[in-house]
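Peer 1: Handing you a structure now.
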Amino acid sequence: MIRTRFLAAAALALLLAGCGFHLRSRIALPSDLGPVLVRSSSTYSDLAFKLVRGLQVAGADARTPTTADLETEKTAAASGETLPKKAELVIVSERWGDLPIAVDALGRAQEFSLRYAVVFVFRKADGTDLVPQQVVELSRDYVSPPENATGTTTEREILADELRREMSASILRRVDGVVRAGQMVKPADGT
């Protein structure tokens, strides 16, 4: 019995190794990145908090700006003082939409596509764009029968939370892709 389980586990491991499967590694960040502020137009953006957590897991010193940070920035701007810059992941906008994709015989919407679009940019502390401004759009379909809408709101909230998690992962994968591409395309040194 134990031997059979061991052989099955070994066979599975060999099969996975043979197909090229490997666990995703941590996202790559520039070594000179420094602290990162995740800014959002919404004060309590769930996406911003998920991005902060993802950056922290990757090893970055990331956080959202506090009220004290915002007051310090206002005071410095009013007095003409310059503050030390930090890298910024800016969520320029977040948009949600429900699009009806199926109707019943009476013309009532029965199935919807929940769409989530985010515009973001990632700037290094020196002001250069690490990831230029771009849009990421995700969607999920759900059924909402008009004669029995019980549970539809809960289902939509669950889908919205899932889309936020996926959006955070997608944005971090884009950052990772840019950083890894930059590491591979270093100019050849002639000396």
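In the structure tokens, each chain is lettered A, B, ... as it comes, each chain's residues begin at 1, and ligands are numbered from 1 in order of appearance.
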As an MDAnalysis selection string, list the residues of range 24-135 of chain A assigned to strand (DSSP E) by DSSP on the backbone atoms of this structure.

Peer 2: chainID A and resid 36:40 62:63 87:103 109:123 129:135

Peer 1: Which is closest to Glu73 in chain A among A:Arg108, A:Val178, A:Ala48, A:Lys85, if we use only C-alpha atoms?

Peer 2: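 Distance minimum relative to Glu73 in chain A lands on A:Lys85.
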
Peer 1: Val36 in chain A: which residues within 10 Å, counting only C-alpha atoms, same-chain residues fewer than 3 positions away excluded, as a PyMOL selection string?

Peer 2: chain A and resi 33+39+52+55-56+60-65+85-89+122-125

Peer 1: Restricted to C-alpha atoms, what would the selected residues look like written as a PDB file, in the first residue's frame?

Peer 2:
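Once everything was written out, this is again.pdb:
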ATOM      1  CA  LEU A  33      13.759  50.207  -6.665  1.00  0.00           C
ATOM      2  CA  ARG A  39      -1.420  55.264  -5.083  1.00  0.00           C
ATOM      3  CA  VAL A  52       0.903  46.323  -1.680  1.00  0.00           C
ATOM      4  CA  LEU A  55       4.911  43.737  -3.731  1.00  0.00           C
ATOM      5  CA  GLN A  56       5.762  42.975  -0.099  1.00  0.00           C
ATOM      6  CA  ALA A  60       9.647  45.389  -1.863  1.00  0.00           C
ATOM      7  CA  ASP A  61       9.109  47.951   0.873  1.00  0.00           C
ATOM      8  CA  ALA A  62       5.592  48.840  -0.310  1.00  0.00           C
ATOM      9  CA  ARG A  63       2.672  50.664   1.270  1.00  0.00           C
ATOM     10  CA  THR A  64      -0.175  53.017   0.475  1.00  0.00           C
ATOM     11  CA  PRO A  65       0.295  56.682   1.374  1.00  0.00           C
ATOM     12  CA  LYS A  85      11.099  60.724  -4.290  1.00  0.00           C
ATOM     13  CA  LYS A  86       9.831  57.175  -4.015  1.00  0.00           C
ATOM     14  CA  ALA A  87       8.866  54.681  -6.660  1.00  0.00           C
ATOM     15  CA  GLU A  88       5.125  54.774  -7.336  1.00  0.00           C
ATOM     16  CA  LEU A  89       2.656  52.272  -8.671  1.00  0.00           C
ATOM     17  CA  PHE A 122       4.739  52.191 -12.442  1.00  0.00           C
ATOM     18  CA  ARG A 123       7.359  54.933 -12.019  1.00  0.00           C
ATOM     19  CA  LYS A 124      10.795  54.597 -10.501  1.00  0.00           C
ATOM     20  CA  ALA A 125      11.995  57.114  -7.903  1.00  0.00           C
TER      21      ALA A 125
END

Peer 1: Using only C-alpha atoms, which of the listed residues (A:Ser42, A:Ser93, A:Ser113, A:Ser31) sits closest to Ser139 in chain A?

Peer 2: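 Closest candidate: A:Ser113.
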
Peer 1: Compile the contact shell of Ala160 in chain A as a compact mmCIF listing (two decimals) with N, CA and C atoms, in the first residue's frame: residues with an atom at most 9 Å away, counting only C-alpha atoms, same-chain residues fewer than 3 positions apart removed.

Peer 2:
# COMPACT_ATOMS: atom_id res chain seq x y z
N TRP A 96 -15.79 49.50 -13.44
CA TRP A 96 -16.59 48.28 -13.39
C TRP A 96 -17.76 48.44 -14.34
N LEU A 114 -19.41 40.63 -16.21
CA LEU A 114 -18.87 41.60 -15.27
C LEU A 114 -17.48 41.98 -15.77
N ARG A 115 -17.29 43.24 -16.09
CA ARG A 115 -16.03 43.72 -16.65
C ARG A 115 -15.32 44.63 -15.66
N TYR A 116 -14.00 44.49 -15.62
CA TYR A 116 -13.17 45.28 -14.71
C TYR A 116 -11.95 45.76 -15.49
N ARG A 140 -15.75 38.34 -16.29
CA ARG A 140 -16.32 37.06 -15.89
C ARG A 140 -17.82 37.11 -16.18
N GLU A 155 -23.14 36.51 -5.55
CA GLU A 155 -22.32 35.93 -6.61
C GLU A 155 -21.49 37.03 -7.29
N ARG A 156 -22.11 38.18 -7.55
CA ARG A 156 -21.40 39.29 -8.18
C ARG A 156 -20.27 39.79 -7.28
N GLU A 157 -20.50 39.88 -5.98
CA GLU A 157 -19.46 40.32 -5.04
C GLU A 157 -18.29 39.34 -5.01
N LEU A 163 -11.93 39.01 -9.36
CA LEU A 163 -11.35 39.85 -10.40
C LEU A 163 -10.28 40.79 -9.83
N ARG A 164 -10.48 41.31 -8.62
CA ARG A 164 -9.46 42.16 -7.99
C ARG A 164 -8.18 41.36 -7.74
N ARG A 165 -8.32 40.12 -7.26
CA ARG A 165 -7.13 39.28 -7.03
C ARG A 165 -6.41 39.01 -8.35

Peer 1: Could you please write out, as a ChimeraX atom specification, every residue of range 5-189 of chain A that DSSP assigns to helix (DSSP H, G or I)?

Peer 2: /A:5-18,46-57,67-79,152-184

Peer 1: How many Å separate CA of Asp98 in chain A from CA of Ile158 in chain A?

Peer 2: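 Atom-to-atom, CA of Asp98 in chain A and CA of Ile158 in chain A are spaced 14.4 Å apart.
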